[in-house]
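Here is start.tsv, consisting of TSV, C-alpha atoms and all ligand atoms:
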chain	number	residue	atom	x	y	z
A	300	MET	CA	-3.85	6.56	-2.14
A	301	GLY	CA	-7.00	6.38	0.01
A	302	ILE	CA	-7.74	3.18	1.91
A	303	VAL	CA	-11.09	1.40	1.63
A	304	ASN	CA	-11.14	-1.68	3.86
A	305	VAL	CA	-14.25	-3.74	3.12
A	306	THR	CA	-13.56	-5.97	6.11
A	307	PRO	CA	-14.95	-6.77	9.56
A	308	ASP	CA	-11.51	-6.89	11.20
A	309	SER	CA	-9.09	-4.27	9.84
A	310	PHE	CA	-6.98	-2.81	12.62
A	311	SER	CA	-8.17	0.79	12.36
A	312	ASP	CA	-11.58	0.75	10.69
A	313	GLY	CA	-12.68	-2.90	10.78
A	314	GLY	CA	-16.45	-3.20	10.44
A	315	THR	CA	-17.01	0.48	9.58
A	316	PHE	CA	-17.11	-0.08	5.82
A	317	GLU	CA	-17.98	-3.76	5.69
A	318	ALA	CA	-21.33	-3.10	3.98
A	319	ALA	CA	-20.92	-2.29	0.27
A	320	ASP	CA	-22.92	0.94	0.40
A	321	ALA	CA	-20.87	2.28	3.31
A	322	ALA	CA	-17.62	1.36	1.50
A	323	ILE	CA	-18.79	2.99	-1.73
A	324	ALA	CA	-19.80	6.20	0.04
A	325	HIS	CA	-16.44	6.20	1.84
A	326	ALA	CA	-14.53	5.71	-1.44
A	327	ARG	CA	-16.43	8.56	-3.08
A	328	GLY	CA	-15.63	10.76	-0.09
A	329	LEU	CA	-11.92	9.97	-0.37
A	330	ILE	CA	-11.98	10.82	-4.09
A	331	ALA	CA	-13.76	14.11	-3.34
A	332	GLU	CA	-10.99	14.87	-0.82
A	333	GLY	CA	-8.40	14.37	-3.58
A	334	ALA	CA	-7.37	10.72	-3.56
A	335	GLN	CA	-5.90	9.83	-6.93
A	336	ILE	CA	-5.87	6.13	-6.15
A	337	VAL	CA	-8.41	4.21	-4.08
A	338	ASP	CA	-7.04	1.00	-2.58
A	339	VAL	CA	-9.84	-1.52	-2.01
A	340	GLY	CA	-9.16	-4.52	0.22
A	341	GLY	CA	-11.31	-7.42	1.39
A	342	GLU	CA	-8.80	-9.20	3.62
A	343	SER	CA	-7.12	-7.70	6.67
A	344	THR	CA	-3.35	-8.15	6.82
A	345	ARG	CA	-3.00	-6.80	10.38
A	346	PRO	CA	-0.68	-8.87	12.59
A	347	GLY	CA	-2.39	-12.12	13.57
A	348	ALA	CA	-5.16	-11.81	10.94
A	349	GLU	CA	-6.65	-15.06	9.69
A	350	PRO	CA	-6.78	-15.62	5.91
A	351	VAL	CA	-10.12	-15.05	4.12
A	352	GLU	CA	-11.68	-17.46	1.57
A	353	VAL	CA	-11.63	-16.30	-2.06
A	354	ASP	CA	-15.45	-16.18	-2.32
A	355	ALA	CA	-15.80	-13.95	0.73
A	356	GLU	CA	-13.08	-11.59	-0.52
A	357	LEU	CA	-14.76	-11.38	-3.94
A	358	ARG	CA	-18.17	-10.65	-2.42
A	359	ARG	CA	-16.64	-7.81	-0.44
A	360	VAL	CA	-14.57	-6.01	-3.08
A	361	VAL	CA	-16.25	-6.46	-6.48
A	362	PRO	CA	-19.48	-4.47	-5.86
A	363	VAL	CA	-17.43	-1.63	-4.39
A	364	ILE	CA	-14.98	-1.48	-7.31
A	365	GLU	CA	-17.83	-1.57	-9.83
A	366	ALA	CA	-19.40	1.48	-8.20
A	367	ILE	CA	-16.29	3.70	-7.99
A	368	ASP	CA	-15.21	6.17	-10.66
A	369	GLY	CA	-12.99	9.22	-10.80
A	370	ALA	CA	-9.74	7.69	-9.50
A	371	ARG	CA	-7.42	4.82	-10.27
A	372	ILE	CA	-8.59	1.74	-8.43
A	373	SER	CA	-6.11	-0.48	-6.69
A	374	ILE	CA	-6.99	-3.98	-5.47
A	375	ASP	CA	-5.23	-4.94	-2.23
A	376	THR	CA	-4.97	-8.70	-2.59
A	377	MET	CA	-2.49	-11.55	-2.78
A	378	LYS	CA	-4.93	-13.80	-4.68
A	379	LEU	CA	-4.98	-14.11	-8.47
A	380	GLU	CA	-8.68	-14.91	-8.60
A	381	VAL	CA	-9.54	-11.77	-6.63
A	382	ALA	CA	-7.21	-9.63	-8.77
A	383	ARG	CA	-8.79	-11.05	-11.93
A	384	ALA	CA	-12.35	-10.17	-10.81
A	385	ALA	CA	-11.24	-6.77	-9.52
A	386	VAL	CA	-9.61	-5.89	-12.84
A	387	ALA	CA	-12.74	-7.03	-14.72
A	388	ALA	CA	-14.68	-4.65	-12.43
A	389	GLY	CA	-12.36	-1.68	-13.15
A	390	ALA	CA	-9.19	-1.94	-11.05
A	391	THR	CA	-5.92	-1.12	-12.83
A	392	LEU	CA	-3.38	-1.50	-10.02
A	393	VAL	CA	-2.59	-4.68	-8.11
A	394	ASN	CA	-1.35	-3.98	-4.57
A	395	ASP	CA	0.12	-7.34	-3.61
A	396	VAL	CA	1.58	-7.33	-0.09
A	397	SER	CA	3.35	-10.60	-0.92
A	398	ALA	CA	5.19	-8.88	-3.82
A	399	LEU	CA	4.04	-11.55	-6.32
A	400	ARG	CA	5.21	-14.46	-4.11
A	401	HIS	CA	1.86	-15.77	-2.88
A	402	ASP	CA	0.14	-16.72	-6.12
A	403	PRO	CA	2.33	-18.18	-8.88
A	404	GLY	CA	0.13	-16.76	-11.67
A	405	MET	CA	-0.02	-13.17	-10.39
A	406	ALA	CA	3.07	-11.81	-12.19
A	407	ALA	CA	1.98	-13.15	-15.57
A	408	PHE	CA	-1.52	-11.76	-15.01
A	409	VAL	CA	-0.18	-8.26	-14.21
A	410	ALA	CA	2.10	-8.43	-17.27
A	411	GLU	CA	-0.59	-9.70	-19.63
A	412	HIS	CA	-3.02	-6.89	-18.71
A	413	ASP	CA	-0.29	-4.23	-18.49
A	414	LEU	CA	-1.42	-3.33	-14.97
A	415	ASP	CA	0.25	-1.11	-12.42
A	416	CYS	CA	1.62	-3.08	-9.51
A	417	CYS	CA	2.81	-2.35	-5.98
A	418	LEU	CA	5.46	-4.71	-4.61
A	419	MET	CA	5.71	-4.64	-0.81
A	420	HIS	CA	8.24	-6.09	1.62
A	421	MET	CA	6.94	-8.41	4.34
A	422	LEU	CA	8.95	-10.70	6.60
A	423	GLY	CA	6.97	-13.93	7.07
A	424	GLU	CA	3.18	-13.82	6.76
A	425	PRO	CA	0.49	-11.76	8.53
A	426	ARG	CA	-0.42	-14.45	11.08
A	427	THR	CA	3.12	-14.66	12.48
A	428	MET	CA	5.11	-11.71	11.13
A	429	GLN	CA	5.31	-9.72	14.39
A	430	SER	CA	6.77	-12.54	16.46
A	431	ASP	CA	10.36	-11.40	16.96
A	432	PRO	CA	11.32	-10.08	13.49
A	433	ARG	CA	15.11	-9.75	13.06
A	434	TYR	CA	17.39	-8.12	10.50
A	435	GLY	CA	21.07	-7.33	10.23
A	436	ASP	CA	20.44	-3.93	8.65
A	437	VAL	CA	16.72	-3.54	8.00
A	438	VAL	CA	17.07	-0.91	5.25
A	439	SER	CA	19.68	-2.86	3.23
A	440	GLU	CA	17.66	-6.07	3.54
A	441	VAL	CA	14.38	-4.45	2.51
A	442	LYS	CA	16.15	-2.73	-0.37
A	443	ALA	CA	17.74	-5.99	-1.58
A	444	PHE	CA	14.37	-7.73	-1.37
A	445	LEU	CA	12.62	-5.00	-3.38
A	446	GLU	CA	15.41	-5.00	-5.95
A	447	GLU	CA	15.07	-8.76	-6.40
A	448	ARG	CA	11.24	-8.54	-6.65
A	449	LEU	CA	11.49	-5.69	-9.17
A	450	ALA	CA	13.87	-7.76	-11.32
A	451	PHE	CA	11.57	-10.79	-11.00
A	452	ALA	CA	8.50	-8.79	-12.09
A	453	VAL	CA	10.35	-7.35	-15.08
A	454	ARG	CA	11.57	-10.84	-16.06
A	455	GLU	CA	7.96	-11.99	-15.95
A	456	GLY	CA	7.02	-9.26	-18.43
A	457	VAL	CA	5.71	-6.48	-16.15
A	458	ARG	CA	6.81	-3.12	-17.54
A	459	GLU	CA	9.21	-1.43	-15.12
A	460	GLU	CA	7.35	1.88	-15.36
A	461	ARG	CA	4.26	0.14	-13.99
A	462	ILE	CA	5.95	-0.83	-10.72
A	463	LEU	CA	5.76	0.87	-7.31
A	464	LEU	CA	7.89	-0.27	-4.34
A	465	ASP	CA	6.86	-0.31	-0.67
A	466	PRO	CA	9.02	-1.16	2.38
A	467	GLY	CA	5.95	-2.54	4.20
A	468	PHE	CA	5.79	-0.58	7.46
A	469	GLY	CA	4.58	-2.86	10.25
A	470	PHE	CA	4.93	-6.06	8.22
A	471	GLY	CA	7.44	-8.04	10.25
A	472	LYS	CA	9.10	-4.94	11.78
A	473	THR	CA	9.69	-3.72	15.31
A	474	LEU	CA	9.29	-0.09	16.34
A	475	GLU	CA	13.00	0.49	15.73
A	476	HIS	CA	12.86	-1.19	12.28
A	477	ASN	CA	9.96	1.08	11.24
A	478	LEU	CA	11.76	4.20	12.47
A	479	GLU	CA	15.00	3.24	10.73
A	480	LEU	CA	13.10	2.70	7.47
A	481	LEU	CA	11.49	6.13	7.80
A	482	ARG	CA	14.85	7.74	8.62
A	483	ARG	CA	16.54	6.21	5.58
A	484	ILE	CA	13.65	5.82	3.13
A	485	GLY	CA	15.61	7.95	0.66
A	486	GLU	CA	17.92	4.96	0.12
A	487	LEU	CA	15.03	3.06	-1.49
A	488	THR	CA	14.49	5.74	-4.14
A	489	ALA	CA	17.84	4.63	-5.63
A	490	LEU	CA	15.94	1.64	-7.08
A	491	GLY	CA	14.44	4.09	-9.57
A	492	ARG	CA	10.75	3.47	-8.91
A	493	PRO	CA	8.21	5.50	-6.89
A	494	VAL	CA	8.29	4.54	-3.21
A	495	VAL	CA	4.95	3.94	-1.46
A	496	VAL	CA	4.57	4.64	2.26
A	497	GLY	CA	1.87	2.89	4.28
A	498	VAL	CA	2.24	4.16	7.85
A	499	SER	CA	-1.35	5.33	8.32
A	500	ARG	CA	-2.50	4.92	11.97
A	501	LYS	CA	-0.14	1.97	12.46
A	502	SER	CA	0.80	0.82	15.94
A	503	PHE	CA	4.36	2.18	15.84
A	504	ILE	CA	2.84	5.67	15.53
A	505	GLY	CA	0.74	4.83	18.57
A	506	ARG	CA	3.88	3.74	20.42
A	507	ILE	CA	5.58	7.10	19.76
A	508	THR	CA	2.58	9.38	20.33
A	509	GLY	CA	0.78	7.39	23.02
A	510	ARG	CA	-2.44	7.64	20.96
A	511	ASP	CA	-5.06	5.01	20.18
A	512	VAL	CA	-5.90	4.28	16.53
A	513	ALA	CA	-8.37	7.15	16.14
A	514	GLY	CA	-5.85	9.70	17.47
A	515	ARG	CA	-2.93	8.86	15.17
A	516	GLY	CA	-3.77	11.27	12.31
A	517	VAL	CA	-1.23	13.96	13.22
A	518	GLY	CA	1.54	11.40	13.81
A	519	THR	CA	0.69	9.84	10.44
A	520	ALA	CA	0.81	13.20	8.65
A	521	ALA	CA	4.18	14.05	10.23
A	522	ALA	CA	5.65	10.70	9.17
A	523	ASN	CA	4.34	11.15	5.62
A	524	VAL	CA	5.77	14.67	5.32
A	525	LEU	CA	9.20	13.42	6.39
A	526	ALA	CA	8.99	10.51	3.96
A	527	TYR	CA	7.95	12.88	1.18
A	528	GLU	CA	10.92	15.14	1.83
A	529	ARG	CA	13.15	12.06	1.72
A	530	GLY	CA	11.80	11.05	-1.70
A	531	ALA	CA	8.70	8.86	-1.17
A	532	ARG	CA	5.92	9.69	-3.61
A	533	VAL	CA	2.77	7.63	-2.90
A	534	PHE	CA	1.05	7.74	0.51
A	535	ARG	CA	-1.45	5.04	1.47
A	536	VAL	CA	-3.70	6.74	4.03
A	537	HIS	CA	-7.04	6.63	5.81
A	538	ASP	CA	-7.24	10.47	6.02
A	539	VAL	CA	-6.87	11.91	2.52
A	540	ALA	CA	-7.72	15.59	3.14
A	541	VAL	CA	-5.22	15.92	5.99
A	542	THR	CA	-2.53	14.18	3.94
A	543	ARG	CA	-3.06	16.44	0.94
A	544	ASP	CA	-2.73	19.57	3.06
A	545	ALA	CA	0.36	18.26	4.84
A	546	LEU	CA	2.04	17.27	1.56
A	547	ALA	CA	1.07	20.56	-0.11
A	548	MET	CA	2.83	22.46	2.71
A	549	ALA	CA	5.85	20.16	2.53
A	550	ASN	CA	6.01	20.54	-1.24
A	551	ALA	CA	5.82	24.32	-1.08
A	552	THR	CA	8.95	24.39	1.08
A	553	LEU	CA	11.06	22.21	-1.23
A	554	PRO	CA	13.76	23.96	-3.29
A	555	HIS	CA	12.02	22.85	-6.51
A	556	PRO	CA	8.31	22.34	-5.70
A	557	CYS	CA	6.26	20.15	-8.06
A	558	SER	CA	3.23	21.88	-9.58
A	559	HIS	CA	1.17	18.72	-8.99
A	560	PRO	CA	2.84	17.08	-6.01
A	561	THR	CA	0.40	14.22	-5.73
A	562	THR	CA	0.34	13.25	-9.42
A	563	THR	CA	1.74	9.78	-10.03
A	564	PRO	CA	3.31	8.76	-13.36
A	565	THR	CA	0.56	6.54	-14.75
A	566	THR	CA	-2.95	7.56	-15.76
A	567	THR	CA	-6.52	6.63	-14.82
A	568	ARG	CA	-7.59	3.80	-17.08
A	569	ARG	CA	-10.51	1.44	-16.93
A	570	THR	CA	-10.23	-1.90	-18.75
B	1	LIG	N1	-0.71	-1.88	4.89
B	1	LIG	C1	-1.86	-2.55	5.10
B	1	LIG	C2	-2.53	-3.18	4.03
B	1	LIG	N2	-2.05	-3.08	2.76
B	1	LIG	N3	-0.43	-2.27	1.25
B	1	LIG	C3	0.69	-1.58	1.01
B	1	LIG	N4	1.17	-1.45	-0.24
B	1	LIG	N5	1.39	-0.98	2.03
B	1	LIG	C4	0.99	-1.06	3.32
B	1	LIG	O1	1.67	-0.51	4.22
B	1	LIG	C5	-0.23	-1.78	3.61
B	1	LIG	C6	-0.92	-2.39	2.53
B	1	LIG	C7	-2.41	-2.65	6.49
B	1	LIG	O2	-3.21	-1.54	6.78
B	1	LIG	P1	-4.82	-1.48	6.67
B	1	LIG	O3	-5.30	-1.81	5.31
B	1	LIG	O4	-5.26	-0.14	7.17
B	1	LIG	O5	-5.33	-2.56	7.70
B	1	LIG	P2	-5.79	-4.08	7.54
B	1	LIG	O6	-4.70	-4.83	6.86
B	1	LIG	O7	-6.02	-4.53	8.96
B	1	LIG	O8	-7.05	-4.08	6.70
Turn the structure described in the file into structure tokens.
Amino acid sequence: MGIVNVTPDSFSDGGTFEAADAAIAHARGLIAEGAQIVDVGGESTRPGAEPVEVDAELRRVVPVIEAIDGARISIDTMKLEVARAAVAAGATLVNDVSALRHDPGMAAFVAEHDLDCCLMHMLGEPRTMQSDPRYGDVVSEVKAFLEERLAFAVREGVREERILLDPGFGFGKTLEHNLELLRRIGELTALGRPVVVGVSRKSFIGRITGRDVAGRGVGTAAANVLAYERGARVFRVHDVAVTRDALAMANATLPHPCSHPTTTPTTTRRT
């Protein structure tokens, strides 16, 4: 899953792809590198980020989604109105970092259009989530949350096979919480749905490697390889080519390698 942030303030590439033509060219490049999903977002969720008005988010994402072809398109939003316009423009996956909690109509919308959906764990909200997050056992609590959200989505009519689950690296987590989640990410696969990993260039990788955002590619690839070996199957990344190579090597060393290691269960579909 390649990341396209059409924002002025994303933590790693804010401003770089804010103009639609730059974002479109970037998305096409990620697809050429082998991204099977392109995740388009118009609102930064980095710690401390301020919310964006619906109109601004729509102006950012819709022209980009309309111009992309050749991969599944995911819309990274918590807002029903943005998801609705994105789906009309061609998106088929809703990546909701609030796990269907922010907008009361989102679950029914995903169900009605039979969309794919990523449910992510976050403690608190982006503006405040990094101020002293606490857990008893972070992995058990994230797992229980995802289990509850999965059951909620299914109750609302979303087909279970449409759902991806994401522990939400960096969303209300300390360095130690992120590392513990990576260590034990295999425990989340017991929920029976593909696990998504979004560690790309995040600050905890910077804390371990001592690198600034631009230098975190190798640390990101290493974390993704370990997560892959422990059962994660979707990798939300800024650097698609590097990720593909790293996962191809990891896959080749598994006892039962997949022939198409990066193929996800659902298909490309435009509505
Ligand atoms: N992380 C970010 C945004 N959306 N979605 C999922 N499912 N999982 C994640 O880990 C995740 C996400 C934050 O990263 P990024 O988009 O690179 O930055 P920003 O939020 O500043 O635009």
(request) Would you mind telling me which residue in A:Leu487, A:Ile462, A:Ala398, A:Ala366 lies nearest to A:Arg448 when using all atoms listed in the file? (result)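 So, comparing all the options, the nearest one is A:Ala398.
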(request) Would you please work out which residue, of A:Ser309, A:Ala406, A:Arg492, A:Gly514, is nearest to A:Phe451 when using only C-alpha atoms? (result)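 For A:Phe451, the nearest of the candidates is A:Ala406.
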(message) Please determine, counting only C-alpha atoms and all ligand atoms, which residue among A:Asp413, A:Glu460, A:Glu349, A:Asp465 has the shortest atom-to-atom distance to ligand LIG 1 (chain B).
(response)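 Closest residue, counting only C-alpha atoms and all ligand atoms: A:Asp465.
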(request) Check the smallest atom-to-atom distance from each of A:Ala443, A:Asp431, A:Cys416, A:Val512 to A:Gly313 using only C-alpha atoms, then report the winner. (result) A:Val512
(message) Could you list the protein, DNA and RNA residues that have any atom within 9 Å of ligand LIG 1 (chain B), counting only C-alpha atoms and all ligand atoms, and write them as a PyMOL selection string?
(response) chain A and resi 302-313+338-346+348+375-376+394-396+417-420+425+463-470+495-501+534-537
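From atom CA of A:Val363 back to atom CA of A:Phe316, the distance works out to 10.3 Å.
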Please output stretch 457-474 of chain A, rebuilt to include N, CA, C and O atoms, as an mmCIF file, in the coordinates of the input.
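Result written to rebuild.cif:
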data_model
loop_
_atom_site.group_PDB
_atom_site.id
_atom_site.type_symbol
_atom_site.label_atom_id
_atom_site.label_comp_id
_atom_site.auth_asym_id
_atom_site.auth_seq_id
_atom_site.Cartn_x
_atom_site.Cartn_y
_atom_site.Cartn_z
ATOM 1 N N VAL A 457 6.349 -7.706 -16.642
ATOM 2 C CA VAL A 457 5.710 -6.480 -16.150
ATOM 3 C C VAL A 457 6.606 -5.304 -16.567
ATOM 4 O O VAL A 457 7.821 -5.361 -16.388
ATOM 5 N N ARG A 458 5.995 -4.264 -17.135
ATOM 6 C CA ARG A 458 6.810 -3.120 -17.540
ATOM 7 C C ARG A 458 7.309 -2.380 -16.294
ATOM 8 O O ARG A 458 6.522 -2.116 -15.375
ATOM 9 N N GLU A 459 8.602 -2.042 -16.310
ATOM 10 C CA GLU A 459 9.210 -1.430 -15.120
ATOM 11 C C GLU A 459 8.468 -0.158 -14.704
ATOM 12 O O GLU A 459 8.280 0.107 -13.513
ATOM 13 N N GLU A 460 8.016 0.610 -15.700
ATOM 14 C CA GLU A 460 7.350 1.880 -15.360
ATOM 15 C C GLU A 460 5.992 1.670 -14.713
ATOM 16 O O GLU A 460 5.356 2.624 -14.264
ATOM 17 N N ARG A 461 5.533 0.462 -14.659
ATOM 18 C CA ARG A 461 4.260 0.140 -13.990
ATOM 19 C C ARG A 461 4.456 -0.176 -12.498
ATOM 20 O O ARG A 461 3.474 -0.378 -11.780
ATOM 21 N N ILE A 462 5.698 -0.254 -12.041
ATOM 22 C CA ILE A 462 5.950 -0.830 -10.720
ATOM 23 C C ILE A 462 6.211 0.234 -9.649
ATOM 24 O O ILE A 462 6.984 1.172 -9.850
ATOM 25 N N LEU A 463 5.540 0.059 -8.503
ATOM 26 C CA LEU A 463 5.760 0.870 -7.310
ATOM 27 C C LEU A 463 6.375 -0.036 -6.243
ATOM 28 O O LEU A 463 6.082 -1.235 -6.217
ATOM 29 N N LEU A 464 7.205 0.544 -5.360
ATOM 30 C CA LEU A 464 7.890 -0.270 -4.340
ATOM 31 C C LEU A 464 7.544 0.245 -2.942
ATOM 32 O O LEU A 464 7.482 1.461 -2.719
ATOM 33 N N ASP A 465 7.349 -0.670 -2.002
ATOM 34 C CA ASP A 465 6.860 -0.310 -0.670
ATOM 35 C C ASP A 465 7.629 -1.108 0.388
ATOM 36 O O ASP A 465 7.649 -2.337 0.324
ATOM 37 N N PRO A 466 8.247 -0.416 1.366
ATOM 38 C CA PRO A 466 9.020 -1.160 2.380
ATOM 39 C C PRO A 466 8.147 -1.934 3.362
ATOM 40 O O PRO A 466 8.658 -2.739 4.138
ATOM 41 N N GLY A 467 6.836 -1.717 3.355
ATOM 42 C CA GLY A 467 5.950 -2.540 4.200
ATOM 43 C C GLY A 467 6.063 -2.212 5.680
ATOM 44 O O GLY A 467 6.385 -3.086 6.497
ATOM 45 N N PHE A 468 5.754 -0.970 6.042
ATOM 46 C CA PHE A 468 5.790 -0.580 7.460
ATOM 47 C C PHE A 468 4.859 -1.488 8.267
ATOM 48 O O PHE A 468 3.714 -1.713 7.877
ATOM 49 N N GLY A 469 5.393 -2.030 9.351
ATOM 50 C CA GLY A 469 4.580 -2.860 10.250
ATOM 51 C C GLY A 469 4.460 -4.321 9.828
ATOM 52 O O GLY A 469 3.863 -5.114 10.546
ATOM 53 N N PHE A 470 5.021 -4.674 8.686
ATOM 54 C CA PHE A 470 4.930 -6.060 8.220
ATOM 55 C C PHE A 470 6.208 -6.821 8.579
ATOM 56 O O PHE A 470 7.143 -6.905 7.789
ATOM 57 N N GLY A 471 6.248 -7.351 9.798
ATOM 58 C CA GLY A 471 7.440 -8.040 10.250
ATOM 59 C C GLY A 471 8.524 -7.031 10.628
ATOM 60 O O GLY A 471 9.685 -7.167 10.215
ATOM 61 N N LYS A 472 8.144 -6.002 11.387
ATOM 62 C CA LYS A 472 9.100 -4.940 11.780
ATOM 63 C C LYS A 472 8.794 -4.516 13.210
ATOM 64 O O LYS A 472 7.637 -4.349 13.583
ATOM 65 N N THR A 473 9.850 -4.304 13.981
ATOM 66 C CA THR A 473 9.690 -3.720 15.310
ATOM 67 C C THR A 473 9.583 -2.206 15.191
ATOM 68 O O THR A 473 9.781 -1.636 14.103
ATOM 69 N N LEU A 474 9.320 -1.554 16.326
ATOM 70 C CA LEU A 474 9.290 -0.090 16.340
ATOM 71 C C LEU A 474 10.577 0.480 15.743
ATOM 72 O O LEU A 474 10.566 1.345 14.869
#
